[in-house]
Structures are given as structure tokens and as C-alpha cells.
>>> print(open('entry_30.cif').read())   # mmCIF, N, CA and C atoms
data_target
loop_
_atom_site.label_atom_id
_atom_site.label_comp_id
_atom_site.auth_asym_id
_atom_site.auth_seq_id
_atom_site.Cartn_x
_atom_site.Cartn_y
_atom_site.Cartn_z
N MET A 1 8.63 5.48 4.60
CA MET A 1 7.35 4.97 5.01
C MET A 1 7.17 3.59 4.41
N LEU A 2 6.56 2.72 5.19
CA LEU A 2 6.33 1.34 4.77
C LEU A 2 4.83 1.06 4.84
N PHE A 3 4.26 0.61 3.72
CA PHE A 3 2.86 0.22 3.66
C PHE A 3 2.79 -1.30 3.76
N VAL A 4 1.94 -1.80 4.65
CA VAL A 4 1.89 -3.24 4.90
C VAL A 4 0.46 -3.75 4.77
N CYS A 5 0.30 -4.85 4.03
CA CYS A 5 -0.97 -5.56 3.99
C CYS A 5 -0.67 -7.06 3.99
N THR A 6 -1.67 -7.85 3.84
CA THR A 6 -1.47 -9.30 3.93
C THR A 6 -0.63 -9.81 2.76
N GLY A 7 -1.10 -9.60 1.54
CA GLY A 7 -0.45 -10.20 0.37
C GLY A 7 0.55 -9.33 -0.35
N ASN A 8 0.60 -8.04 -0.04
CA ASN A 8 1.47 -7.10 -0.77
C ASN A 8 1.26 -7.24 -2.27
N SER A 9 -0.02 -7.32 -2.65
CA SER A 9 -0.33 -7.50 -4.07
C SER A 9 -1.11 -6.33 -4.66
N ALA A 10 -1.86 -5.58 -3.82
CA ALA A 10 -2.71 -4.53 -4.37
C ALA A 10 -2.66 -3.25 -3.53
N ARG A 11 -3.32 -3.23 -2.37
CA ARG A 11 -3.45 -2.00 -1.58
C ARG A 11 -2.10 -1.39 -1.23
N SER A 12 -1.22 -2.17 -0.64
CA SER A 12 0.08 -1.62 -0.23
C SER A 12 0.93 -1.26 -1.44
N GLN A 13 0.78 -2.00 -2.52
CA GLN A 13 1.53 -1.68 -3.75
C GLN A 13 1.06 -0.36 -4.35
N MET A 14 -0.27 -0.16 -4.37
CA MET A 14 -0.80 1.10 -4.90
C MET A 14 -0.37 2.27 -4.01
N ALA A 15 -0.41 2.07 -2.69
CA ALA A 15 0.01 3.13 -1.77
C ALA A 15 1.49 3.47 -1.98
N GLU A 16 2.32 2.45 -2.16
CA GLU A 16 3.74 2.70 -2.43
C GLU A 16 3.91 3.50 -3.71
N GLY A 17 3.16 3.14 -4.74
CA GLY A 17 3.25 3.86 -6.01
C GLY A 17 2.85 5.32 -5.90
N PHE A 18 1.74 5.58 -5.20
CA PHE A 18 1.32 6.98 -5.00
C PHE A 18 2.33 7.75 -4.16
N ALA A 19 2.81 7.15 -3.08
CA ALA A 19 3.76 7.85 -2.21
C ALA A 19 5.07 8.13 -2.95
N ARG A 20 5.48 7.19 -3.78
CA ARG A 20 6.71 7.37 -4.55
C ARG A 20 6.58 8.56 -5.50
N LEU A 21 5.42 8.66 -6.16
CA LEU A 21 5.21 9.76 -7.10
C LEU A 21 4.93 11.08 -6.39
N LEU A 22 3.96 11.08 -5.48
CA LEU A 22 3.52 12.33 -4.85
C LEU A 22 4.51 12.86 -3.82
N GLY A 23 5.30 11.96 -3.24
CA GLY A 23 6.27 12.38 -2.24
C GLY A 23 7.69 12.43 -2.77
N SER A 24 7.81 12.43 -4.09
CA SER A 24 9.12 12.41 -4.73
C SER A 24 10.03 13.50 -4.18
N GLY A 25 11.18 13.08 -3.69
CA GLY A 25 12.14 14.02 -3.15
C GLY A 25 11.90 14.36 -1.70
N LYS A 26 10.74 13.98 -1.15
CA LYS A 26 10.41 14.29 0.24
C LYS A 26 10.38 13.05 1.12
N VAL A 27 9.88 11.95 0.57
CA VAL A 27 9.79 10.70 1.33
C VAL A 27 10.25 9.54 0.47
N GLU A 28 10.67 8.49 1.14
CA GLU A 28 10.95 7.23 0.47
C GLU A 28 9.86 6.27 0.89
N SER A 29 9.36 5.49 -0.05
CA SER A 29 8.28 4.56 0.28
C SER A 29 8.64 3.15 -0.13
N ALA A 30 8.06 2.21 0.61
CA ALA A 30 8.21 0.79 0.33
C ALA A 30 6.92 0.12 0.75
N SER A 31 6.77 -1.14 0.37
CA SER A 31 5.61 -1.91 0.81
C SER A 31 6.06 -3.33 1.08
N ALA A 32 5.26 -4.02 1.88
CA ALA A 32 5.57 -5.41 2.23
C ALA A 32 4.27 -6.10 2.63
N GLY A 33 4.33 -7.42 2.68
CA GLY A 33 3.16 -8.20 3.05
C GLY A 33 3.49 -9.27 4.06
N MET A 34 2.50 -9.62 4.85
CA MET A 34 2.67 -10.69 5.83
C MET A 34 2.80 -12.04 5.12
N GLU A 35 2.11 -12.19 3.99
CA GLU A 35 2.16 -13.40 3.17
C GLU A 35 2.18 -12.97 1.70
N PRO A 36 3.34 -12.54 1.18
CA PRO A 36 3.41 -12.00 -0.18
C PRO A 36 2.84 -12.96 -1.22
N LYS A 37 2.03 -12.41 -2.13
CA LYS A 37 1.35 -13.23 -3.13
C LYS A 37 1.69 -12.85 -4.56
N GLY A 38 2.47 -11.82 -4.77
CA GLY A 38 2.75 -11.37 -6.13
C GLY A 38 1.85 -10.20 -6.49
N LEU A 39 2.28 -9.41 -7.44
CA LEU A 39 1.59 -8.20 -7.85
C LEU A 39 0.29 -8.53 -8.57
N ASN A 40 -0.81 -7.91 -8.16
CA ASN A 40 -2.11 -8.15 -8.77
C ASN A 40 -2.20 -7.38 -10.09
N PRO A 41 -2.53 -8.05 -11.20
CA PRO A 41 -2.59 -7.36 -12.49
C PRO A 41 -3.63 -6.24 -12.56
N PHE A 42 -4.73 -6.36 -11.81
CA PHE A 42 -5.71 -5.27 -11.79
C PHE A 42 -5.13 -4.03 -11.13
N ALA A 43 -4.32 -4.21 -10.08
CA ALA A 43 -3.68 -3.07 -9.43
C ALA A 43 -2.76 -2.35 -10.41
N VAL A 44 -1.99 -3.13 -11.16
CA VAL A 44 -1.08 -2.55 -12.16
C VAL A 44 -1.88 -1.77 -13.19
N GLU A 45 -2.97 -2.36 -13.66
CA GLU A 45 -3.79 -1.74 -14.70
C GLU A 45 -4.42 -0.42 -14.25
N VAL A 46 -5.04 -0.41 -13.06
CA VAL A 46 -5.72 0.82 -12.63
C VAL A 46 -4.73 1.91 -12.24
N MET A 47 -3.56 1.54 -11.78
CA MET A 47 -2.54 2.56 -11.50
C MET A 47 -2.02 3.15 -12.80
N ARG A 48 -1.89 2.33 -13.81
CA ARG A 48 -1.44 2.82 -15.13
C ARG A 48 -2.42 3.86 -15.66
N GLU A 49 -3.72 3.69 -15.36
CA GLU A 49 -4.72 4.68 -15.79
C GLU A 49 -4.44 6.05 -15.18
N LYS A 50 -3.75 6.09 -14.05
CA LYS A 50 -3.38 7.35 -13.39
C LYS A 50 -1.97 7.80 -13.80
N GLY A 51 -1.35 7.06 -14.73
CA GLY A 51 -0.02 7.42 -15.18
C GLY A 51 1.08 6.94 -14.25
N ILE A 52 0.79 5.96 -13.40
CA ILE A 52 1.78 5.44 -12.46
C ILE A 52 2.04 3.98 -12.79
N ASP A 53 3.29 3.67 -13.10
CA ASP A 53 3.67 2.31 -13.45
C ASP A 53 4.23 1.60 -12.22
N ILE A 54 3.47 0.64 -11.70
CA ILE A 54 3.96 -0.15 -10.56
C ILE A 54 4.37 -1.55 -11.00
N SER A 55 4.39 -1.78 -12.30
CA SER A 55 4.67 -3.13 -12.81
C SER A 55 6.05 -3.63 -12.42
N GLY A 56 6.97 -2.75 -12.12
CA GLY A 56 8.32 -3.16 -11.73
C GLY A 56 8.47 -3.39 -10.23
N GLN A 57 7.43 -3.07 -9.46
CA GLN A 57 7.49 -3.30 -8.02
C GLN A 57 7.36 -4.79 -7.75
N GLN A 58 7.98 -5.24 -6.68
CA GLN A 58 7.96 -6.65 -6.32
C GLN A 58 7.16 -6.86 -5.04
N SER A 59 6.48 -7.98 -4.95
CA SER A 59 5.79 -8.36 -3.72
C SER A 59 6.85 -8.87 -2.75
N LYS A 60 6.94 -8.22 -1.59
CA LYS A 60 8.00 -8.52 -0.62
C LYS A 60 7.41 -8.91 0.73
N GLY A 61 8.17 -9.68 1.47
CA GLY A 61 7.74 -10.08 2.80
C GLY A 61 8.05 -9.02 3.84
N PHE A 62 7.17 -8.93 4.84
CA PHE A 62 7.37 -8.01 5.96
C PHE A 62 8.46 -8.55 6.87
N SER A 63 9.29 -7.65 7.36
CA SER A 63 10.27 -8.03 8.39
C SER A 63 10.34 -6.90 9.41
N ALA A 64 10.56 -7.28 10.65
CA ALA A 64 10.68 -6.29 11.72
C ALA A 64 11.87 -5.37 11.46
N GLU A 65 12.93 -5.92 10.87
CA GLU A 65 14.12 -5.11 10.57
C GLU A 65 13.78 -4.00 9.58
N LEU A 66 13.03 -4.34 8.55
CA LEU A 66 12.62 -3.34 7.57
C LEU A 66 11.76 -2.27 8.24
N ALA A 67 10.82 -2.70 9.06
CA ALA A 67 9.93 -1.75 9.75
C ALA A 67 10.71 -0.82 10.66
N ARG A 68 11.72 -1.34 11.33
CA ARG A 68 12.52 -0.51 12.25
C ARG A 68 13.29 0.58 11.52
N ALA A 69 13.54 0.39 10.24
CA ALA A 69 14.29 1.37 9.46
C ALA A 69 13.41 2.52 8.97
N MET A 70 12.11 2.45 9.25
CA MET A 70 11.15 3.44 8.74
C MET A 70 10.77 4.45 9.81
N ASP A 71 10.31 5.60 9.36
CA ASP A 71 9.73 6.58 10.27
C ASP A 71 8.25 6.28 10.50
N TYR A 72 7.59 5.73 9.45
CA TYR A 72 6.16 5.42 9.52
C TYR A 72 5.93 4.02 8.97
N VAL A 73 5.10 3.26 9.67
CA VAL A 73 4.60 1.98 9.18
C VAL A 73 3.08 2.12 9.14
N ILE A 74 2.52 1.94 7.94
CA ILE A 74 1.08 2.11 7.75
C ILE A 74 0.50 0.79 7.30
N THR A 75 -0.31 0.18 8.17
CA THR A 75 -1.00 -1.05 7.80
C THR A 75 -2.28 -0.66 7.07
N VAL A 76 -2.61 -1.41 6.02
CA VAL A 76 -3.77 -1.07 5.21
C VAL A 76 -4.83 -2.17 5.21
N CYS A 77 -4.70 -3.12 6.15
CA CYS A 77 -5.74 -4.14 6.33
C CYS A 77 -5.70 -4.62 7.78
N GLY A 78 -6.82 -5.16 8.23
CA GLY A 78 -6.93 -5.62 9.61
C GLY A 78 -5.96 -6.73 9.96
N ASN A 79 -5.74 -7.65 9.04
CA ASN A 79 -4.83 -8.76 9.29
C ASN A 79 -3.41 -8.26 9.53
N ALA A 80 -2.95 -7.35 8.70
CA ALA A 80 -1.60 -6.80 8.87
C ALA A 80 -1.52 -5.99 10.16
N ASP A 81 -2.57 -5.26 10.48
CA ASP A 81 -2.58 -4.47 11.70
C ASP A 81 -2.46 -5.39 12.92
N ALA A 82 -3.20 -6.49 12.91
CA ALA A 82 -3.17 -7.42 14.04
C ALA A 82 -1.83 -8.14 14.17
N ARG A 83 -1.18 -8.39 13.05
CA ARG A 83 0.07 -9.16 13.05
C ARG A 83 1.33 -8.32 13.11
N CYS A 84 1.20 -7.02 12.95
CA CYS A 84 2.37 -6.15 12.98
C CYS A 84 2.95 -6.13 14.40
N PRO A 85 4.23 -6.40 14.54
CA PRO A 85 4.82 -6.42 15.88
C PRO A 85 4.93 -5.02 16.47
N THR A 86 5.19 -4.98 17.75
CA THR A 86 5.45 -3.71 18.41
C THR A 86 6.69 -3.10 17.79
N LEU A 87 6.60 -1.84 17.46
CA LEU A 87 7.72 -1.15 16.81
C LEU A 87 8.47 -0.32 17.84
N PRO A 88 9.74 -0.08 17.59
CA PRO A 88 10.53 0.70 18.54
C PRO A 88 10.11 2.16 18.58
N PRO A 89 10.48 2.86 19.66
CA PRO A 89 10.20 4.30 19.72
C PRO A 89 10.78 5.00 18.49
N GLY A 90 10.08 5.98 18.02
CA GLY A 90 10.56 6.71 16.84
C GLY A 90 9.91 6.25 15.56
N VAL A 91 9.29 5.05 15.57
CA VAL A 91 8.56 4.57 14.39
C VAL A 91 7.08 4.75 14.68
N THR A 92 6.43 5.58 13.88
CA THR A 92 5.00 5.84 14.06
C THR A 92 4.20 4.82 13.27
N ARG A 93 3.26 4.20 13.95
CA ARG A 93 2.41 3.20 13.30
C ARG A 93 1.02 3.78 13.11
N LEU A 94 0.52 3.68 11.88
CA LEU A 94 -0.82 4.14 11.53
C LEU A 94 -1.58 2.98 10.90
N HIS A 95 -2.91 3.06 10.95
CA HIS A 95 -3.72 2.01 10.32
C HIS A 95 -4.78 2.65 9.44
N TRP A 96 -4.82 2.22 8.18
CA TRP A 96 -5.85 2.63 7.25
C TRP A 96 -6.67 1.39 6.92
N PRO A 97 -7.88 1.23 7.46
CA PRO A 97 -8.68 0.01 7.25
C PRO A 97 -9.33 -0.01 5.86
N LEU A 98 -8.60 -0.51 4.89
CA LEU A 98 -9.08 -0.54 3.51
C LEU A 98 -9.63 -1.92 3.15
N GLU A 99 -10.73 -1.93 2.43
CA GLU A 99 -11.28 -3.19 1.92
C GLU A 99 -10.31 -3.77 0.89
N ASP A 100 -10.29 -5.08 0.78
CA ASP A 100 -9.39 -5.75 -0.16
C ASP A 100 -10.05 -5.86 -1.53
N PRO A 101 -9.57 -5.12 -2.53
CA PRO A 101 -10.19 -5.20 -3.85
C PRO A 101 -9.98 -6.57 -4.50
N ALA A 102 -8.97 -7.30 -4.06
CA ALA A 102 -8.72 -8.63 -4.64
C ALA A 102 -9.82 -9.62 -4.28
N GLN A 103 -10.66 -9.27 -3.33
CA GLN A 103 -11.79 -10.14 -2.94
C GLN A 103 -13.03 -9.86 -3.78
N ALA A 104 -12.96 -8.91 -4.68
CA ALA A 104 -14.12 -8.54 -5.51
C ALA A 104 -14.50 -9.69 -6.44
N ASN A 105 -15.78 -9.83 -6.65
CA ASN A 105 -16.31 -10.84 -7.58
C ASN A 105 -17.06 -10.13 -8.69
N GLY A 106 -17.26 -10.86 -9.77
CA GLY A 106 -18.01 -10.32 -10.89
C GLY A 106 -17.20 -10.36 -12.17
N SER A 107 -17.69 -9.63 -13.15
CA SER A 107 -17.00 -9.57 -14.44
C SER A 107 -15.68 -8.80 -14.27
N SER A 108 -14.84 -8.88 -15.26
CA SER A 108 -13.57 -8.14 -15.23
C SER A 108 -13.82 -6.65 -15.03
N GLU A 109 -14.85 -6.12 -15.69
CA GLU A 109 -15.14 -4.69 -15.55
C GLU A 109 -15.63 -4.36 -14.14
N GLU A 110 -16.41 -5.26 -13.54
CA GLU A 110 -16.88 -5.03 -12.17
C GLU A 110 -15.72 -5.07 -11.17
N VAL A 111 -14.82 -6.02 -11.37
CA VAL A 111 -13.63 -6.10 -10.50
C VAL A 111 -12.76 -4.87 -10.69
N ARG A 112 -12.56 -4.47 -11.93
CA ARG A 112 -11.77 -3.27 -12.24
C ARG A 112 -12.36 -2.05 -11.55
N ALA A 113 -13.68 -1.95 -11.51
CA ALA A 113 -14.34 -0.82 -10.86
C ALA A 113 -14.04 -0.81 -9.36
N VAL A 114 -14.01 -1.97 -8.74
CA VAL A 114 -13.67 -2.07 -7.32
C VAL A 114 -12.23 -1.62 -7.10
N PHE A 115 -11.33 -2.06 -7.97
CA PHE A 115 -9.93 -1.65 -7.87
C PHE A 115 -9.78 -0.15 -8.05
N ARG A 116 -10.55 0.43 -8.96
CA ARG A 116 -10.49 1.89 -9.16
C ARG A 116 -10.93 2.62 -7.90
N GLY A 117 -11.98 2.13 -7.27
CA GLY A 117 -12.44 2.74 -6.02
C GLY A 117 -11.38 2.68 -4.94
N SER A 118 -10.73 1.53 -4.81
CA SER A 118 -9.65 1.38 -3.83
C SER A 118 -8.49 2.31 -4.16
N ARG A 119 -8.13 2.35 -5.43
CA ARG A 119 -7.04 3.22 -5.88
C ARG A 119 -7.31 4.67 -5.52
N ASP A 120 -8.52 5.13 -5.78
CA ASP A 120 -8.85 6.52 -5.51
C ASP A 120 -8.85 6.83 -4.01
N GLU A 121 -9.33 5.88 -3.21
CA GLU A 121 -9.30 6.07 -1.75
C GLU A 121 -7.86 6.12 -1.25
N ILE A 122 -7.02 5.24 -1.77
CA ILE A 122 -5.61 5.21 -1.37
C ILE A 122 -4.92 6.51 -1.78
N GLU A 123 -5.20 7.00 -2.98
CA GLU A 123 -4.61 8.28 -3.41
C GLU A 123 -4.99 9.40 -2.44
N ARG A 124 -6.26 9.45 -2.06
CA ARG A 124 -6.72 10.48 -1.12
C ARG A 124 -5.97 10.38 0.21
N LEU A 125 -5.85 9.17 0.73
CA LEU A 125 -5.17 8.97 2.02
C LEU A 125 -3.69 9.34 1.94
N VAL A 126 -3.04 8.96 0.86
CA VAL A 126 -1.61 9.29 0.70
C VAL A 126 -1.44 10.80 0.59
N ARG A 127 -2.29 11.46 -0.20
CA ARG A 127 -2.21 12.93 -0.33
C ARG A 127 -2.39 13.60 1.03
N GLU A 128 -3.39 13.17 1.79
CA GLU A 128 -3.64 13.75 3.11
C GLU A 128 -2.45 13.52 4.05
N PHE A 129 -1.91 12.32 4.01
CA PHE A 129 -0.76 12.00 4.87
C PHE A 129 0.44 12.87 4.51
N LEU A 130 0.75 12.96 3.23
CA LEU A 130 1.91 13.74 2.80
C LEU A 130 1.73 15.22 3.14
N ALA A 131 0.53 15.73 3.07
CA ALA A 131 0.27 17.13 3.40
C ALA A 131 0.55 17.39 4.90
N ARG A 132 0.33 16.39 5.74
CA ARG A 132 0.56 16.54 7.18
C ARG A 132 2.04 16.41 7.56
N VAL A 133 2.80 15.62 6.80
CA VAL A 133 4.20 15.40 7.20
C VAL A 133 5.17 16.34 6.51
N GLU A 134 4.71 17.14 5.57
CA GLU A 134 5.60 18.07 4.86
C GLU A 134 5.90 19.28 5.69
#
>>> encode(input="entry_30.cif", output="C-alpha cells")
Amino acid sequence: MLFVCTGNSARSQMAEGFARLLGSGKVESASAGMEPKGLNPFAVEVMREKGIDISGQQSKGFSAELARAMDYVITVCGNADARCPTLPPGVTRLHWPLEDPAQANGSSEEVRAVFRGSRDEIERLVREFLARVE
């Protein structure tokens, strides 16, 4: 499964981390971005609170070749959904319209709270998805 967002810095990285842990031995997960920006430190921090270390994951660019190698391509933002090319038969495309926590403003604690909310929503979606494909 491939999670795709614009920057591959937060939402898709967190989804990859949850899928890697929760789908261990059942699915392989990756993430990519239309315009990779590097791993967001808040994403790393809030995932660590859940016991998941994504600090070694890299922000990667989306490619049609990578998408074709997947069974599922899940876009997690409107920009990625709009820019994702038509995929070949056999690749299921899903869209999870998630708000971008990297757009949050405020104090560090306020931004962290937004990232926690995104993280928890992503965990719920990944759990639901894995329960359906098992």
C-alpha cells in the first residue's frame, strides 16, 4: 500500500508508520509525495508518543512506477488526489481527505495538539482499512 500526500512530511508518513506496525507481516507500506518536503519533526514527535519511530523514514517523490507496484494507493489530501494519475487495473485507489496538520498555527503545544488529532484520525483509518483487507 502506498500513502500519498503533497509533501510526504506528515500525514502520509504517519499512515506509513501505522500500517507498518499494525499490518506487520500482512501488508507492506510506503509513502510518497507530489512535492517532497522532508519529514516534519512534529509528526515524528507525536508518533513517538504512540511508540512508533518514523524518524528513519525518508520523504520520497511520487512516481507512477511505484504506484503501479502497489495493490492500494491511498491519497490523504485533495492535492494528491487531484494529481494522482490514472492507475492500471488491479491497483485500487482510495482517498482519505485529511486536513494538513503542518498548516496549524499557534504555540508549539497548540500545533502539537493538531498533529495529535491528525495522528489519531490516521490510526483509526489505518485500523479500519486493515480490518477490511485481512
>>> residues_around(input="entry_30.cif", residues="segment 96-112 of chain A", least_positions_apart="2", cutoff="9 Å", atoms="only C-alpha atoms", output="list in words")
Ser9, Ala10, Arg11, Asn40, Phe42, Ala43, Glu45, Val46, Ile74, Thr75, Val76, Cys77, Gly78, Asp81, Leu94, Val114, Phe115, Arg116, Gly117, Ser118, Glu121, Ile122 and Leu125 of chain A
>>> resolve_selection(input="entry_30.cif", expression="the PyMOL selection byres ((chain A and resi 24-37) around 6)", output="list in words")
Met1, Leu2, Phe3, Val4, Cys5, Thr6, Gly7, Asn8, Ser9, Ser12, Gln13, Glu16, Ala19, Arg20, Leu21, Leu22, Gly23, Gly38, Leu39, Ser59, Lys60, Gly61 and Phe62 of chain A
>>> closest_residue(input="entry_30.cif", among="A:Ala15, A:Ala131, A:Val91, A:Val126", to="Ala69 of chain A", atoms="all atoms listed in the file")
A:Val91
>>> select_by_dssp(input="entry_30.cif", residues="segment 13-129 of chain A", states="alpha helix (DSSP H)", output="JSON, numbers by chain")
{"A": [13, 14, 15, 16, 17, 18, 19, 20, 21, 22, 41, 42, 43, 44, 45, 46, 47, 48, 49, 64, 65, 66, 67, 68, 78, 79, 80, 81, 82, 83, 108, 109, 110, 111, 112, 113, 114, 115, 116, 117, 118, 119, 120, 121, 122, 123, 124, 125, 126, 127, 128, 129]}
>>> atom_distance(input="entry_30.cif", atom1="atom CA of Ile52 of chain A", atom2="atom CA of Arg93 of chain A")
25.9 Å
>>> resolve_selection(input="entry_30.cif", expression="the PyMOL selection byres (((chain A and resi 68 and name CA) around 7) and name CA)", output="ChimeraX atom specification")
/A:64-67,69-70,87-88,91
>>> atom_distance(input="entry_30.cif", atom1="atom N of Leu130 of chain A", atom2="atom N of Met14 of chain A")
15.2 Å
